[in-house]
Amino acid sequence: MTDRIELFYKKGSAKAKNDTENKIREDVLVFLENELPSEYATDEKWRNLYTNFHETLRTLYPSDYVRVKIVKKGGRKFNYDFDVIYLDSNNTKVHSIKLEFKHNSCKLEKIPQILSLMDNVGLIDAPSYSEHYYTLYLDAYLAEIEYTGEKPTLEEYISLVSGIVPEKHPMFMFMRASKANTAVKESIHTYLNTYVSKFKVDEFTKKLVESQANKYFLLWDLSKFHIDTLSVEELTIKDVLLKPTKKQTNTIVARSTTSEYHLLLRWSNRNGILNPAWKIHITRKSGK
């Protein structure tokens, strides 16, 4: 455990290691619910992390309590990383908060992604992008890579493509071993241009409020913690527009009164193969 402290004082390694390193950091924060053992207390980096962590938690509940319990959540089921439970001298809960940890940042705008939603969650009042891709682009790609094996039905495809395991169908395995799909950018561009007017503002607001309201973001900037939150007003979408740039033609911008949410439609597991999803980034009009 002692060497894991170094992960808090560097930006991060290669992309392939991000998940593993983040899980280690989260485990360290759970470990910090207790007093530091003597072998850690003499280390300046451990002391700084521990002290800063508990001072930050106290700002979120300044009333009397004796200790905290950190319960790890996370995964697809939860939209936050920890339940922080404040306990009194009788070990009775007096307060609790939801906490989401972000590494190497002091503000939400610096985080590449605050939320990811599968493309078939119903943000657009039209066939999903997965169906659009299956119907108009998949056959041409399979012919290009000379795949002659079994092709899933549309229903099977929609079920499988949202996953991350290519072994569930031989077609995905063949695609994974073949060259990149050159039609992906075109498929996303045509989909967004065709259906941006059918973007469901109220549905996106609902998803944002359900996943982002009533929690605190715990932001670590490699030396100290910061806290950020998103109000219901900031999460309430007023309008949307398609905002392509020379480098990106796959982004819808949804605007609240104070912020913009950039919804970047992309494939999470190899272009044109598995898990198309909306990668969502926030920018604030005047900072916070």
# chains A, B, ... in the order shown; residues from 1 in each chain; ligands from 1
$ select_by_dssp --residues "segment 9-256 of chain A" --states "alpha helix (DSSP H)" --output "number ranges by chain"
A: 18-31, 38-41, 44-60, 129-133, 139-144, 154-161, 170-176, 184-195, 201-212, 232-235
$ write_last_selection --atoms "C-alpha atoms" --output "CSV table (one decimal), in the first residue's frame"
chain,number,residue,atom,x,y,z
A,18,ASN,CA,-6.3,4.7,-16.2
A,19,ASP,CA,-9.0,2.4,-14.8
A,20,THR,CA,-6.5,0.3,-12.8
A,21,GLU,CA,-4.8,3.4,-11.3
A,22,ASN,CA,-8.1,5.1,-10.5
A,23,LYS,CA,-9.3,2.0,-8.7
A,24,ILE,CA,-6.1,2.0,-6.6
A,25,ARG,CA,-6.7,5.7,-5.8
A,26,GLU,CA,-10.2,5.0,-4.7
A,27,ASP,CA,-9.1,2.1,-2.5
A,28,VAL,CA,-6.6,4.5,-0.9
A,29,LEU,CA,-9.3,7.0,-0.1
A,30,VAL,CA,-11.3,4.2,1.6
A,31,PHE,CA,-8.2,3.3,3.6
A,38,SER,CA,2.5,4.9,12.3
A,39,GLU,CA,4.5,3.6,9.3
A,40,TYR,CA,2.4,6.0,7.1
A,41,ALA,CA,2.2,8.9,9.4
A,44,GLU,CA,4.9,13.6,4.2
A,45,LYS,CA,2.9,12.7,1.2
A,46,TRP,CA,0.6,10.4,3.2
A,47,ARG,CA,0.2,13.0,5.9
A,48,ASN,CA,-0.7,15.7,3.3
A,49,LEU,CA,-3.3,13.5,1.6
A,50,TYR,CA,-4.8,12.3,4.9
A,51,THR,CA,-5.0,15.8,6.4
A,52,ASN,CA,-6.3,17.4,3.3
A,53,PHE,CA,-8.9,14.7,2.8
A,54,HIS,CA,-10.4,15.0,6.3
A,55,GLU,CA,-10.3,18.8,6.3
A,56,THR,CA,-12.2,18.8,3.0
A,57,LEU,CA,-14.8,16.3,4.4
A,58,ARG,CA,-15.3,18.5,7.4
A,59,THR,CA,-16.2,21.5,5.2
A,60,LEU,CA,-19.0,19.4,3.8
A,129,TYR,CA,-27.3,5.6,-33.7
A,130,SER,CA,-26.6,1.9,-33.3
A,131,GLU,CA,-29.6,1.1,-35.5
A,132,HIS,CA,-28.6,3.9,-37.9
A,133,TYR,CA,-25.2,2.3,-38.3
A,139,ASP,CA,-23.1,-4.2,-44.6
A,140,ALA,CA,-20.7,-2.1,-46.6
A,141,TYR,CA,-18.1,-2.4,-43.9
A,142,LEU,CA,-18.5,-6.2,-43.7
A,143,ALA,CA,-18.1,-6.4,-47.4
A,144,GLU,CA,-15.0,-4.2,-47.3
A,154,LEU,CA,-31.0,-6.0,-35.7
A,155,GLU,CA,-32.4,-7.0,-32.3
A,156,GLU,CA,-29.4,-9.1,-31.5
A,157,TYR,CA,-27.0,-6.4,-32.7
A,158,ILE,CA,-28.5,-3.7,-30.6
A,159,SER,CA,-28.2,-5.9,-27.6
A,160,LEU,CA,-24.6,-6.9,-28.2
A,161,VAL,CA,-23.1,-3.7,-29.6
A,170,PRO,CA,-17.9,-14.0,-34.3
A,171,MET,CA,-18.7,-11.0,-36.3
A,172,PHE,CA,-17.3,-8.6,-33.7
A,173,MET,CA,-14.2,-10.8,-33.3
A,174,PHE,CA,-13.6,-10.6,-37.1
A,175,MET,CA,-14.1,-6.9,-37.1
A,176,ARG,CA,-11.7,-6.4,-34.2
A,184,VAL,CA,-17.5,5.7,-38.9
A,185,LYS,CA,-17.0,9.4,-39.1
A,186,GLU,CA,-19.5,9.7,-41.9
A,187,SER,CA,-22.1,7.6,-40.1
A,188,ILE,CA,-21.9,9.8,-37.0
A,189,HIS,CA,-21.9,13.0,-39.0
A,190,THR,CA,-25.0,12.0,-41.0
A,191,TYR,CA,-26.8,10.8,-37.9
A,192,LEU,CA,-26.4,14.0,-36.0
A,193,ASN,CA,-27.2,16.2,-38.9
A,194,THR,CA,-30.3,14.3,-39.6
A,195,TYR,CA,-31.6,14.1,-36.1
A,201,VAL,CA,-34.1,18.4,-24.1
A,202,ASP,CA,-36.3,17.2,-21.2
A,203,GLU,CA,-35.0,13.7,-21.3
A,204,PHE,CA,-31.4,14.9,-21.2
A,205,THR,CA,-32.2,17.2,-18.3
A,206,LYS,CA,-33.7,14.2,-16.5
A,207,LYS,CA,-30.6,12.1,-17.1
A,208,LEU,CA,-28.3,15.0,-15.9
A,209,VAL,CA,-30.3,15.6,-12.7
A,210,GLU,CA,-30.6,11.9,-11.9
A,211,SER,CA,-26.8,11.4,-12.2
A,212,GLN,CA,-25.2,14.7,-11.2
A,232,VAL,CA,-30.4,21.8,-10.7
A,233,GLU,CA,-30.5,25.1,-12.5
A,234,GLU,CA,-27.1,24.4,-14.1
A,235,LEU,CA,-28.4,20.9,-15.1
$ residues_around --residues "segment 77-90 of chain A" --least-positions-apart "2" --cutoff "6 Å" --atoms "only C-alpha atoms" --output "list of chain:residue names"
A:Tyr65, A:Val66, A:Arg67, A:Val68, A:Lys69, A:Ile70, A:Val71, A:Lys72, A:Lys73, A:Gly74, A:Gly75, A:Thr92, A:Lys93, A:Val94, A:His95, A:Ser96, A:Ile97, A:Lys98, A:Leu99, A:Glu100, A:Ser211
$ write_last_selection --atoms "C-alpha atoms" --output "mmCIF file, in the first residue's frame"
data_model
loop_
_atom_site.group_PDB
_atom_site.id
_atom_site.type_symbol
_atom_site.label_atom_id
_atom_site.label_comp_id
_atom_site.auth_asym_id
_atom_site.auth_seq_id
_atom_site.Cartn_x
_atom_site.Cartn_y
_atom_site.Cartn_z
ATOM 1 C CA TYR A 65 -19.104 13.976 14.430
ATOM 2 C CA VAL A 66 -16.383 11.616 15.562
ATOM 3 C CA ARG A 67 -15.341 9.769 12.454
ATOM 4 C CA VAL A 68 -16.346 8.940 8.903
ATOM 5 C CA LYS A 69 -16.934 5.688 7.096
ATOM 6 C CA ILE A 70 -16.158 5.577 3.358
ATOM 7 C CA VAL A 71 -18.213 3.082 1.359
ATOM 8 C CA LYS A 72 -17.059 2.471 -2.182
ATOM 9 C CA LYS A 73 -19.728 2.503 -4.902
ATOM 10 C CA GLY A 74 -18.995 3.185 -8.572
ATOM 11 C CA GLY A 75 -19.523 0.946 -11.571
ATOM 12 C CA THR A 92 -24.597 6.270 14.830
ATOM 13 C CA LYS A 93 -24.981 7.943 11.463
ATOM 14 C CA VAL A 94 -25.609 11.667 11.767
ATOM 15 C CA HIS A 95 -25.143 12.608 8.119
ATOM 16 C CA SER A 96 -24.121 11.173 4.742
ATOM 17 C CA ILE A 97 -23.087 12.519 1.351
ATOM 18 C CA LYS A 98 -22.400 11.180 -2.142
ATOM 19 C CA LEU A 99 -18.909 11.814 -3.419
ATOM 20 C CA GLU A 100 -17.384 11.452 -6.876
ATOM 21 C CA SER A 211 -26.845 11.359 -12.245
#
$ atom_distance --atom1 "atom CA of Asn275 of chain A" --atom2 "atom CA of Thr135 of chain A"
16.6 Å
$ select_by_dssp --residues "segment 202-241 of chain A" --states "strand (DSSP E or B)" --output "ChimeraX atom specification"
/A:216-220,225-228,239-241
$ residues_around --residues "His103 of chain A" --least-positions-apart "5" --cutoff "9 Å" --atoms "only C-alpha atoms" --output "VMD selection string"
chain A and resid 8 11 to 12 22 25 111 218 to 222
$ closest_residue --among "A:Ser223, A:Ala213, A:Pro152, A:Val196" --to "Asn250 of chain A" --atoms "only C-alpha atoms"
A:Val196
$ closest_residue --among "A:Ser162, A:Lys285, A:Ile227, A:Ile273" --to "Ser128 of chain A" --atoms "only C-alpha atoms"
A:Ser162
$ closest_residue --among "A:Lys198, A:His169, A:Lys215, A:Lys151" --to "Phe101 of chain A" --atoms "only C-alpha atoms"
A:Lys215
